[in-house]
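Some notes on the structure that comes next.
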Amino acid sequence: MGRHGWVSGAGRWRLTALLGVGAAALALVVTLISTLPGNGASTRGTTRDGDKVHGTPATPPAETKPDVGWGFTHTQYSADEGSSAATTRVEGLLSGTALPQNQAIMGWGAGNPEPVKGRYDFTEMDRRIDFVRASGGTPVVTLCCAPDWMKGGRAGADNTNWSQSALETAPTPGHYKDFAALAATVARRYPDVRHFIVWNEFKGFWNDSKARWDYEGYTELYNQVYTALKQVDDKIMVGGPYLVMDSVNPRQKDNAATALRGTWGAMDQRVLDAFDYWNAHKAGADFVVVDGSSYTKDDDLLPDEFAATDKLTAVGAWVRRQTRGLPLWWAEYYVEPADGSDNRKGWTEDHRVAVQATGMIAMVRGGASSGFYWNPEEQQGTGCAGCLWTPTAASGGGRPLPMYDLVSRFGKEFPPGTAYRTVPVAKDDVPNVRVLASDRAVLVVNILDRPISAQVDGKRFDMKPYEVKWLRR
């Protein structure tokens with residue numbers, strides 16, 4: 001649950017509140033002035049017209065399809081802010097790619113959208129959507145997380161609790177209807193957003209007394225949101241359940257699934273039970289969403305970092321069977337375990353990109369047509385393990401990094417509907433490379449930390465250690 005690298009306390013959008021005691025005192029005065037009589041909840045900075053169309057929506061395609069392809073999720077720091085030269089550089093980088101870009105409605109760069117019931121503040125969300133539009137991306141919205149008053153906290157523009165534990169608390173059942181209404185408000189505000197993911201990783205939906213997921217609660221929330229969105233526009237595409245597909249060591253007995261396992265481990269049976277319940281009781285779904293890592297809950301890469309990605313294939317194939325072929329999205333996917341600070345900096349960038357490419361190939365082989373890379377940029381500094389581009393805080397930032405080259409090229413070469421082909425690989429090279437091919441392109445990954453000479457699709461070529469190479473057909 002902590003894999004997102006969420007920065008608790010004051011978020012990026014709340015840093016101005018830390019400028020000093022004088023500013024805090026002034027804020028208190030403003031808050032008192034803007035307080036509604038009788039309820040003590042500040043409405044400072046909010047409006048009642050949350051469902052008013054924002055800006056100039058992009059024209060959506062004539063036909064909305066349930067899969068969007070391969071892109072990325074905006075996290076706490078992204079290219080909507082920073083030096084104008086750097087943000088413009090990223091806009092230009094993305095322009096023409098139509099890469100899908102995903103954004104949550106609260107957290108990870110977005111403020112509290114409804115601090116008081118019926119009073120809205122979409123300042124940060126508007127800026128993110130504006131960036132997606134300016135860069136020509138396909139917008140996707142994750143409907144998470146919930147304002148404090150929906151989950152037992154205090155209402156008010158100055159009362160948002162940005163701690164990770166508070167952010168990851170689900171709405172109480174009595175507020176499911178309110179959350180569904182917020183989802184509908186978001187859909188009306190951004191009519192060019194045609195794809196919505198309901199919630200994130202079952203956050204807050206754990207049943208302590210039964211030591212399992214509260215899949216009944218999540219499914220009820222999902223169904224109310226699904227219905228509300230379809231009432232806004234029946235062409236809107238909705239998906240869930242965004243479960244973390246956790247696995248355990250294959251030698252483990254407790255909670256280890258018997259039906260879905262491999263050399264990579266065994267699925268946690270509690271996850272499969274939650275998925276099965278949602279799948280059987282959902283009001284409907286246009287696509288199915290999962291999240292997960294190639295490694296186990298104990299961060300074991302079995303039998304190694306490349307072979308462990310076979311889990312992504314096995315999980316995807318299982319999900320597709322259970323849902324009778326619904327388009328499959330990976331909302332997040334991880335192939336490198338994090339350290340104690342939730343950082344992934346233990347590998348060289350060549351190594352990281354090679355394993356990521358192998359993971360993406362594995363997801364496609366499991367039937368996935370869409371996926372979102374998590375980690376566009378860091379706030380500052382020159383080193384940025386796995387980032388898509390350099391930090392946009394400085395004017396020289398916003399320059400593409402190796403992971404961007406992989407994600408963007410993968411999305412371009414293997415869009416939804418791609419017919420995948422089997423290409424010949426020399427017998428001696430089969431253990432050393434991973435390959436994905438279409439009618440027009442071949443992706444080849446050297447999974448060894450040494451140079452090789454490989455023969456793929458009738459072509460002989462040299463590859464550097466952990467090199468990712470594209471061939472034209």
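Chain labels follow the order of the structure tokens: the first chain is A, the next B, and so on; residue numbering restarts at 1 in every chain, and ligands are counted from 1 in their shown order.
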Can you tell me which residues surround Glu124 in chain A at a distance of at most 12 Å, considering only C-alpha atoms, apart from same-chain residues fewer than 4 positions away, and format the answer as a short mmCIF file (atom, residue, chain, number, x, y, z; two decimals) with all heavy atoms, in the first residue's frame?
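Contents of the output file around-v1.cif:
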```cif
data_model
loop_
_atom_site.label_atom_id
_atom_site.label_comp_id
_atom_site.auth_asym_id
_atom_site.auth_seq_id
_atom_site.Cartn_x
_atom_site.Cartn_y
_atom_site.Cartn_z
N GLY A 11 1.24 18.67 1.19
CA GLY A 11 1.61 18.28 -0.16
C GLY A 11 2.22 19.43 -0.91
O GLY A 11 2.33 20.55 -0.40
N ARG A 12 2.59 19.19 -2.15
CA ARG A 12 3.18 20.25 -2.98
C ARG A 12 2.26 21.44 -3.09
O ARG A 12 2.69 22.59 -3.13
CB ARG A 12 3.48 19.67 -4.38
CG ARG A 12 3.79 20.72 -5.43
CD ARG A 12 4.24 20.06 -6.71
NE ARG A 12 3.28 19.12 -7.20
CZ ARG A 12 2.23 19.45 -7.93
NH1 ARG A 12 2.01 20.72 -8.23
NH2 ARG A 12 1.39 18.54 -8.37
N TRP A 13 0.97 21.16 -3.15
CA TRP A 13 -0.01 22.23 -3.34
C TRP A 13 -0.32 22.97 -2.03
O TRP A 13 -1.12 23.87 -1.99
CB TRP A 13 -1.30 21.66 -3.91
CG TRP A 13 -1.77 20.49 -3.12
CD1 TRP A 13 -2.57 20.49 -2.04
CD2 TRP A 13 -1.43 19.13 -3.37
NE1 TRP A 13 -2.76 19.22 -1.58
CE2 TRP A 13 -2.07 18.37 -2.37
CE3 TRP A 13 -0.65 18.48 -4.32
CZ2 TRP A 13 -1.96 16.98 -2.31
CZ3 TRP A 13 -0.54 17.10 -4.25
CH2 TRP A 13 -1.20 16.38 -3.26
N ARG A 14 0.29 22.54 -0.91
CA ARG A 14 0.00 23.19 0.36
C ARG A 14 1.27 23.80 0.99
O ARG A 14 1.27 24.21 2.13
CB ARG A 14 -0.59 22.18 1.35
CG ARG A 14 -1.97 21.70 0.92
CD ARG A 14 -3.02 22.79 1.10
NE ARG A 14 -4.34 22.32 0.73
CZ ARG A 14 -4.92 22.62 -0.42
NH1 ARG A 14 -4.29 23.37 -1.29
NH2 ARG A 14 -6.13 22.19 -0.69
N HIS A 74 0.21 10.65 -13.69
CA HIS A 74 0.80 11.81 -13.02
C HIS A 74 0.84 11.55 -11.53
O HIS A 74 -0.16 11.14 -10.94
CB HIS A 74 -0.03 13.07 -13.30
CG HIS A 74 0.07 13.54 -14.71
ND1 HIS A 74 1.14 14.26 -15.19
CD2 HIS A 74 -0.79 13.40 -15.75
CE1 HIS A 74 0.95 14.55 -16.47
NE2 HIS A 74 -0.22 14.03 -16.83
N GLN A 76 2.86 13.02 -7.62
CA GLN A 76 2.86 14.27 -6.87
C GLN A 76 3.55 15.41 -7.62
O GLN A 76 3.10 16.55 -7.58
CB GLN A 76 3.52 14.06 -5.52
CG GLN A 76 3.39 15.28 -4.62
CD GLN A 76 3.84 15.01 -3.20
OE1 GLN A 76 4.30 13.92 -2.89
NE2 GLN A 76 3.71 15.99 -2.33
N TYR A 77 4.65 15.11 -8.30
CA TYR A 77 5.34 16.12 -9.08
C TYR A 77 5.27 15.75 -10.54
O TYR A 77 5.60 14.63 -10.94
CB TYR A 77 6.81 16.23 -8.63
CG TYR A 77 6.94 16.50 -7.17
CD1 TYR A 77 7.36 15.50 -6.29
CD2 TYR A 77 6.63 17.75 -6.65
CE1 TYR A 77 7.47 15.75 -4.93
CE2 TYR A 77 6.72 18.00 -5.28
CZ TYR A 77 7.15 16.99 -4.43
OH TYR A 77 7.25 17.23 -3.09
N SER A 78 4.83 16.71 -11.36
CA SER A 78 4.75 16.42 -12.78
C SER A 78 4.94 17.71 -13.57
O SER A 78 5.19 18.78 -13.00
CB SER A 78 3.41 15.74 -13.12
OG SER A 78 3.50 15.11 -14.39
N ASP A 80 3.07 19.73 -15.08
CA ASP A 80 2.10 20.82 -15.12
C ASP A 80 2.62 22.04 -14.37
O ASP A 80 2.05 23.12 -14.47
CB ASP A 80 0.76 20.38 -14.53
CG ASP A 80 0.91 19.92 -13.08
OD1 ASP A 80 1.79 19.10 -12.82
OD2 ASP A 80 0.12 20.38 -12.22
N GLU A 81 3.71 21.87 -13.60
CA GLU A 81 4.29 22.98 -12.85
C GLU A 81 5.80 23.00 -13.03
O GLU A 81 6.42 21.98 -13.31
CB GLU A 81 3.96 22.86 -11.37
CG GLU A 81 2.53 23.22 -11.02
CD GLU A 81 2.36 23.38 -9.52
OE1 GLU A 81 2.56 22.40 -8.80
OE2 GLU A 81 2.03 24.50 -9.09
N GLN A 103 -4.84 10.68 -13.91
CA GLN A 103 -4.73 11.55 -12.75
C GLN A 103 -5.81 11.22 -11.74
O GLN A 103 -6.97 11.04 -12.09
CB GLN A 103 -4.87 13.03 -13.17
CG GLN A 103 -4.92 14.01 -12.02
CD GLN A 103 -3.64 14.01 -11.20
OE1 GLN A 103 -2.53 14.05 -11.75
NE2 GLN A 103 -3.76 13.97 -9.88
N ALA A 104 -5.43 11.12 -10.47
CA ALA A 104 -6.38 10.93 -9.38
C ALA A 104 -7.08 12.25 -9.06
O ALA A 104 -6.53 13.33 -9.29
CB ALA A 104 -5.68 10.39 -8.14
N ILE A 105 -8.28 12.17 -8.48
CA ILE A 105 -9.03 13.40 -8.18
C ILE A 105 -8.60 14.04 -6.87
O ILE A 105 -8.90 15.21 -6.63
CB ILE A 105 -10.55 13.15 -8.15
CG1 ILE A 105 -10.94 12.16 -7.05
CG2 ILE A 105 -11.05 12.69 -9.51
CD1 ILE A 105 -12.45 12.06 -6.82
N MET A 106 -7.89 13.30 -6.00
CA MET A 106 -7.43 13.86 -4.73
C MET A 106 -6.14 13.15 -4.33
O MET A 106 -6.10 11.93 -4.21
CB MET A 106 -8.49 13.70 -3.65
CG MET A 106 -8.08 14.27 -2.29
SD MET A 106 -9.42 14.16 -1.08
CE MET A 106 -8.56 14.70 0.39
N GLY A 107 -5.10 13.94 -4.12
CA GLY A 107 -3.79 13.36 -3.83
C GLY A 107 -2.98 13.21 -5.09
O GLY A 107 -3.48 13.35 -6.21
N TRP A 108 -1.67 12.95 -4.93
CA TRP A 108 -0.78 12.76 -6.08
C TRP A 108 -0.87 13.93 -7.06
O TRP A 108 -0.96 13.77 -8.27
CB TRP A 108 -1.06 11.42 -6.76
CG TRP A 108 -0.92 10.29 -5.81
CD1 TRP A 108 0.25 9.77 -5.32
CD2 TRP A 108 -1.98 9.56 -5.19
NE1 TRP A 108 -0.02 8.76 -4.43
CE2 TRP A 108 -1.38 8.61 -4.32
CE3 TRP A 108 -3.37 9.61 -5.27
CZ2 TRP A 108 -2.12 7.73 -3.56
CZ3 TRP A 108 -4.11 8.74 -4.50
CH2 TRP A 108 -3.50 7.83 -3.66
N GLY A 109 -0.83 15.15 -6.49
CA GLY A 109 -0.84 16.34 -7.33
C GLY A 109 -2.16 17.07 -7.39
O GLY A 109 -2.23 18.17 -7.94
N ALA A 110 -3.21 16.50 -6.83
CA ALA A 110 -4.52 17.15 -6.84
C ALA A 110 -4.99 17.41 -5.41
O ALA A 110 -4.83 16.57 -4.53
CB ALA A 110 -5.56 16.30 -7.57
N GLY A 111 -5.57 18.58 -5.17
CA GLY A 111 -6.05 18.94 -3.85
C GLY A 111 -7.40 18.32 -3.54
O GLY A 111 -7.93 17.49 -4.28
N ASN A 112 -7.98 18.73 -2.42
CA ASN A 112 -9.28 18.24 -1.99
C ASN A 112 -10.36 18.82 -2.90
O ASN A 112 -10.58 20.03 -2.90
CB ASN A 112 -9.53 18.67 -0.53
CG ASN A 112 -10.77 18.03 0.06
OD1 ASN A 112 -11.70 17.65 -0.64
ND2 ASN A 112 -10.81 17.94 1.38
N PRO A 113 -11.05 17.99 -3.68
CA PRO A 113 -11.99 18.52 -4.68
C PRO A 113 -13.30 19.03 -4.09
O PRO A 113 -13.99 19.84 -4.73
CB PRO A 113 -12.25 17.32 -5.59
CG PRO A 113 -12.08 16.13 -4.69
CD PRO A 113 -10.98 16.51 -3.74
N TYR A 120 -16.77 23.16 -4.07
CA TYR A 120 -15.72 22.47 -4.81
C TYR A 120 -14.48 23.34 -5.00
O TYR A 120 -14.56 24.57 -5.11
CB TYR A 120 -16.26 22.05 -6.19
CG TYR A 120 -17.49 21.19 -6.10
CD1 TYR A 120 -18.77 21.76 -6.17
CD2 TYR A 120 -17.39 19.81 -5.90
CE1 TYR A 120 -19.91 20.97 -6.08
CE2 TYR A 120 -18.52 19.02 -5.79
CZ TYR A 120 -19.77 19.60 -5.88
OH TYR A 120 -20.90 18.83 -5.76
N ARG A 128 -3.93 19.95 -14.04
CA ARG A 128 -3.49 18.68 -14.61
C ARG A 128 -4.25 18.36 -15.91
O ARG A 128 -3.66 17.93 -16.89
CB ARG A 128 -3.68 17.55 -13.59
CG ARG A 128 -2.63 17.56 -12.47
CD ARG A 128 -1.32 16.98 -12.96
NE ARG A 128 -0.21 17.26 -12.06
CZ ARG A 128 0.24 16.42 -11.14
NH1 ARG A 128 -0.36 15.25 -10.96
NH2 ARG A 128 1.28 16.72 -10.40
N ILE A 129 -5.56 18.57 -15.89
CA ILE A 129 -6.34 18.31 -17.11
C ILE A 129 -5.91 19.26 -18.22
O ILE A 129 -5.81 18.86 -19.40
CB ILE A 129 -7.84 18.45 -16.82
CG1 ILE A 129 -8.31 17.35 -15.87
CG2 ILE A 129 -8.65 18.40 -18.13
CD1 ILE A 129 -8.19 15.93 -16.42
N ASP A 130 -5.62 20.52 -17.88
CA ASP A 130 -5.13 21.47 -18.89
C ASP A 130 -3.84 20.98 -19.51
O ASP A 130 -3.62 21.10 -20.73
CB ASP A 130 -4.90 22.85 -18.25
CG ASP A 130 -6.19 23.59 -17.94
OD1 ASP A 130 -7.24 23.22 -18.51
OD2 ASP A 130 -6.14 24.53 -17.13
N PHE A 131 -2.96 20.40 -18.67
CA PHE A 131 -1.70 19.88 -19.21
C PHE A 131 -1.95 18.71 -20.15
O PHE A 131 -1.34 18.62 -21.23
CB PHE A 131 -0.77 19.45 -18.08
CG PHE A 131 0.52 18.87 -18.58
CD1 PHE A 131 1.58 19.68 -18.93
CD2 PHE A 131 0.67 17.49 -18.74
CE1 PHE A 131 2.76 19.14 -19.44
CE2 PHE A 131 1.84 16.95 -19.23
CZ PHE A 131 2.89 17.78 -19.59
#
```
For range 77-157 of chain A against range 176-188 of chain A, with a cut-off of 9 Å and counting only C-alpha atoms, what is the closest atom pair and its distance in Å to one decimal for every residue that makes the cut, ordered by chain and number, as JSON lines?
```
{"residue": "A:Ile105", "atom": "CA", "partner": "A:Val186", "partner_atom": "CA", "distance": 8.3}
{"residue": "A:Pro113", "atom": "CA", "partner": "A:Leu182", "partner_atom": "CA", "distance": 8.4}
{"residue": "A:Glu114", "atom": "CA", "partner": "A:Leu182", "partner_atom": "CA", "distance": 7.8}
{"residue": "A:Lys117", "atom": "CA", "partner": "A:Asp178", "partner_atom": "CA", "distance": 8.3}
{"residue": "A:Gly118", "atom": "CA", "partner": "A:Leu182", "partner_atom": "CA", "distance": 8.9}
{"residue": "A:Val141", "atom": "CA", "partner": "A:Val186", "partner_atom": "CA", "distance": 9.0}
{"residue": "A:Leu143", "atom": "CA", "partner": "A:Ala183", "partner_atom": "CA", "distance": 6.7}
{"residue": "A:Ala146", "atom": "CA", "partner": "A:Phe179", "partner_atom": "CA", "distance": 7.0}
{"residue": "A:Pro147", "atom": "CA", "partner": "A:Phe179", "partner_atom": "CA", "distance": 8.6}
{"residue": "A:Met150", "atom": "CA", "partner": "A:Asp178", "partner_atom": "CA", "distance": 7.4}
```
Please produce a file of those selected residues containing N, CA and C atoms, as a short mmCIF file (atom, residue, chain, number, x, y, z; two decimals), in the first residue's frame.
```cif
data_model
loop_
_atom_site.label_atom_id
_atom_site.label_comp_id
_atom_site.auth_asym_id
_atom_site.auth_seq_id
_atom_site.Cartn_x
_atom_site.Cartn_y
_atom_site.Cartn_z
N ILE A 105 -8.28 12.17 -8.48
CA ILE A 105 -9.03 13.40 -8.18
C ILE A 105 -8.60 14.04 -6.87
N PRO A 113 -11.05 17.99 -3.68
CA PRO A 113 -11.99 18.52 -4.68
C PRO A 113 -13.30 19.03 -4.09
N GLU A 114 -13.67 18.58 -2.89
CA GLU A 114 -14.94 18.99 -2.29
C GLU A 114 -14.75 19.10 -0.77
N LYS A 117 -19.42 19.73 1.67
CA LYS A 117 -20.43 19.17 0.78
C LYS A 117 -21.05 20.25 -0.09
N GLY A 118 -20.97 20.03 -1.41
CA GLY A 118 -21.55 20.98 -2.35
C GLY A 118 -20.67 22.17 -2.67
N VAL A 141 -9.14 9.38 -15.62
CA VAL A 141 -9.26 9.84 -14.24
C VAL A 141 -9.48 8.66 -13.31
N LEU A 143 -10.84 7.76 -9.75
CA LEU A 143 -11.75 8.32 -8.76
C LEU A 143 -11.31 7.89 -7.37
N ALA A 146 -11.14 10.31 -1.24
CA ALA A 146 -12.37 10.95 -0.81
C ALA A 146 -12.10 12.11 0.14
N PRO A 147 -12.89 13.18 0.03
CA PRO A 147 -12.79 14.29 0.98
C PRO A 147 -13.01 13.81 2.42
N MET A 150 -16.37 12.76 4.06
CA MET A 150 -17.00 11.51 3.61
C MET A 150 -16.46 10.29 4.37
#
```
Polymer residues at most 10 Å from Trp347 in chain A, only C-alpha atoms, same-chain spacing of 6 or more positions, as a count of residues only: 4
Restricting the calculation to only C-alpha atoms: of A:Ile452, A:Asp298, A:Val90, A:Asp51, which residue gets closest to Ala338 in chain A? A:Asp298
When you look at Asp67 in chain A with a cut-off of 10 Å (counting only C-alpha atoms), what residues show up, excluding the ones that are within fewer than 6 positions of it in the same chain? I need them as a PyMOL selection string. chain A and resi 100+195+237+286-288+326-329+368-371+415-417
Write a file of the selected residues as a short mmCIF file (atom, residue, chain, number, x, y, z; two decimals), in the first residue's frame, keeping all heavy atoms.
```
data_model
loop_
_atom_site.label_atom_id
_atom_site.label_comp_id
_atom_site.auth_asym_id
_atom_site.auth_seq_id
_atom_site.Cartn_x
_atom_site.Cartn_y
_atom_site.Cartn_z
N PRO A 100 -1.95 8.01 -23.21
CA PRO A 100 -2.92 8.16 -22.13
C PRO A 100 -2.23 8.66 -20.87
O PRO A 100 -1.13 8.22 -20.52
CB PRO A 100 -3.48 6.74 -21.94
CG PRO A 100 -2.47 5.83 -22.54
CD PRO A 100 -1.81 6.60 -23.63
N HIS A 195 -12.83 7.90 -19.76
CA HIS A 195 -12.44 6.68 -19.06
C HIS A 195 -12.19 6.98 -17.58
O HIS A 195 -11.38 7.86 -17.25
CB HIS A 195 -11.18 6.07 -19.67
CG HIS A 195 -11.34 5.68 -21.11
ND1 HIS A 195 -11.19 6.58 -22.14
CD2 HIS A 195 -11.67 4.48 -21.68
CE1 HIS A 195 -11.40 5.95 -23.29
NE2 HIS A 195 -11.69 4.70 -23.03
N MET A 237 -16.69 5.25 -20.19
CA MET A 237 -16.16 3.92 -19.91
C MET A 237 -15.70 3.85 -18.45
O MET A 237 -14.97 4.73 -17.98
CB MET A 237 -14.99 3.60 -20.84
CG MET A 237 -15.37 3.59 -22.31
SD MET A 237 -16.23 2.08 -22.76
CE MET A 237 -17.15 2.61 -24.20
N ASP A 286 -16.66 -1.72 -18.35
CA ASP A 286 -16.22 -1.63 -19.74
C ASP A 286 -14.80 -2.15 -19.92
O ASP A 286 -14.40 -2.52 -21.01
CB ASP A 286 -16.30 -0.17 -20.20
CG ASP A 286 -17.72 0.37 -20.13
OD1 ASP A 286 -18.57 -0.11 -20.90
OD2 ASP A 286 -17.98 1.24 -19.28
N PHE A 287 -14.05 -2.17 -18.82
CA PHE A 287 -12.70 -2.73 -18.82
C PHE A 287 -12.41 -3.16 -17.39
O PHE A 287 -13.11 -2.77 -16.44
CB PHE A 287 -11.66 -1.73 -19.32
CG PHE A 287 -11.68 -0.40 -18.60
CD1 PHE A 287 -10.89 -0.17 -17.49
CD2 PHE A 287 -12.49 0.63 -19.06
CE1 PHE A 287 -10.91 1.04 -16.83
CE2 PHE A 287 -12.53 1.86 -18.40
CZ PHE A 287 -11.73 2.07 -17.30
N VAL A 288 -11.39 -3.98 -17.21
CA VAL A 288 -11.02 -4.46 -15.89
C VAL A 288 -9.63 -3.93 -15.56
O VAL A 288 -8.75 -3.86 -16.44
CB VAL A 288 -11.08 -6.00 -15.81
CG1 VAL A 288 -10.15 -6.64 -16.83
CG2 VAL A 288 -10.75 -6.50 -14.41
N LEU A 326 -12.89 -9.14 -20.95
CA LEU A 326 -12.92 -7.68 -20.83
C LEU A 326 -11.52 -7.11 -21.11
O LEU A 326 -10.51 -7.72 -20.74
CB LEU A 326 -13.34 -7.26 -19.42
CG LEU A 326 -14.82 -7.15 -19.09
CD1 LEU A 326 -15.00 -6.71 -17.64
CD2 LEU A 326 -15.55 -6.19 -20.02
N PRO A 327 -11.44 -5.96 -21.77
CA PRO A 327 -10.13 -5.34 -21.96
C PRO A 327 -9.41 -5.17 -20.63
O PRO A 327 -10.01 -4.74 -19.63
CB PRO A 327 -10.47 -3.98 -22.58
CG PRO A 327 -11.78 -4.22 -23.29
CD PRO A 327 -12.52 -5.18 -22.41
N LEU A 328 -8.13 -5.52 -20.60
CA LEU A 328 -7.37 -5.54 -19.36
C LEU A 328 -6.41 -4.36 -19.27
O LEU A 328 -5.60 -4.15 -20.17
CB LEU A 328 -6.59 -6.85 -19.25
CG LEU A 328 -5.56 -6.97 -18.13
CD1 LEU A 328 -6.22 -6.81 -16.77
CD2 LEU A 328 -4.82 -8.30 -18.24
N TRP A 329 -6.51 -3.61 -18.17
CA TRP A 329 -5.60 -2.51 -17.87
C TRP A 329 -4.75 -2.87 -16.65
O TRP A 329 -5.25 -3.43 -15.68
CB TRP A 329 -6.36 -1.24 -17.51
CG TRP A 329 -7.17 -0.60 -18.57
CD1 TRP A 329 -7.67 -1.15 -19.72
CD2 TRP A 329 -7.62 0.76 -18.55
NE1 TRP A 329 -8.40 -0.23 -20.42
CE2 TRP A 329 -8.38 0.96 -19.72
CE3 TRP A 329 -7.46 1.81 -17.66
CZ2 TRP A 329 -8.99 2.17 -20.02
CZ3 TRP A 329 -8.05 3.02 -17.95
CH2 TRP A 329 -8.80 3.22 -19.12
N ALA A 368 -3.10 -7.95 -21.80
CA ALA A 368 -3.31 -6.53 -21.49
C ALA A 368 -3.22 -5.68 -22.76
O ALA A 368 -2.40 -5.93 -23.64
CB ALA A 368 -2.28 -6.05 -20.48
N SER A 369 -4.07 -4.66 -22.80
CA SER A 369 -4.05 -3.72 -23.91
C SER A 369 -3.74 -2.30 -23.46
O SER A 369 -3.55 -1.41 -24.30
CB SER A 369 -5.41 -3.73 -24.64
OG SER A 369 -6.46 -3.42 -23.73
N SER A 370 -3.70 -2.07 -22.14
CA SER A 370 -3.44 -0.73 -21.60
C SER A 370 -2.65 -0.86 -20.31
O SER A 370 -2.81 -1.82 -19.56
CB SER A 370 -4.76 0.01 -21.32
OG SER A 370 -5.56 0.11 -22.48
N GLY A 371 -1.79 0.12 -20.04
CA GLY A 371 -1.02 0.12 -18.82
C GLY A 371 -0.48 1.51 -18.54
O GLY A 371 -0.25 2.30 -19.47
N PRO A 415 -0.23 -0.34 -30.07
CA PRO A 415 -1.49 0.24 -29.61
C PRO A 415 -2.56 -0.84 -29.44
O PRO A 415 -2.37 -1.98 -29.90
CB PRO A 415 -1.85 1.22 -30.73
CG PRO A 415 -1.26 0.58 -31.96
CD PRO A 415 0.03 -0.03 -31.49
N PRO A 416 -3.69 -0.50 -28.80
CA PRO A 416 -4.78 -1.47 -28.69
C PRO A 416 -5.19 -2.00 -30.06
O PRO A 416 -5.23 -1.25 -31.04
CB PRO A 416 -5.91 -0.66 -28.05
CG PRO A 416 -5.20 0.40 -27.27
CD PRO A 416 -4.00 0.76 -28.10
N GLY A 417 -5.46 -3.28 -30.13
CA GLY A 417 -5.84 -3.89 -31.40
C GLY A 417 -4.67 -4.44 -32.19
O GLY A 417 -4.87 -5.02 -33.27
#
```
Give me, as a PyMOL selection string, the residues of range 103-289 of chain A that a backbone DSSP run labels strand (DSSP E or B). chain A and resi 103-104+107+110+116+119-120+138-143+195-198+206-207+212-213+237-244+247-248+256-262+265-268+287-289
Tell me, as a list of chain:residue names, which residues lie within 7 Å of Tyr277 in chain A, counting only C-alpha atoms; anything in the same chain fewer than 4 positions away does not count. A:Tyr215, A:Asp273, A:His281
Residues within 10 Å of Arg133 in chain A, only C-alpha atoms, excluding chain neighbours under 2 positions, as a list in words: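 Using only C-alpha atoms, the neighbours found are Gly55, Thr56, Pro57, Ala58, Thr59, Glu91, Ser95, Ala98, Gln101, Arg127, Arg128, Ile129, Asp130, Phe131, Ser135, Gly136, Gly137, Thr138, Pro139 and Asp192 of chain A.
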Top pick for closest residue to Asn249 in chain A, considering A:Leu99, A:Leu301, A:Ala285, A:Leu272 and counting only C-alpha atoms: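 Closest to Asn249 in chain A of all the choices is A:Leu301.
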Quick one: of A:Thr46, A:Phe414, A:Phe72, A:Val456, who's nearest to Cys387 in chain A, counting only C-alpha atoms?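 Among the listed residues, A:Phe72 lies closest to Cys387 in chain A.
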Quick one: pick out all alpha helix (DSSP H) residues within range 172-412 of chain A from a backbone DSSP run and write them as a count of residues only. 86
Taking only C-alpha atoms into account, name the residue in A:Val445, A:Ala419, A:Val238, A:Ala354 that is nearest to Ala283 in chain A. A:Val238
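Atom pair CA of Ala394 in chain A / CA of Gln380 in chain A: separated by 8.1 Å.
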Shell around Phe372 in chain A at 7 Å using only C-alpha atoms, local window under 3 positions removed, as number ranges by chain: A: 70-73, 330-332
Quote the spacing between CA of Asp276 in chain A and CA of Asp214 in chain A in Å to one decimal place. 12.5 Å
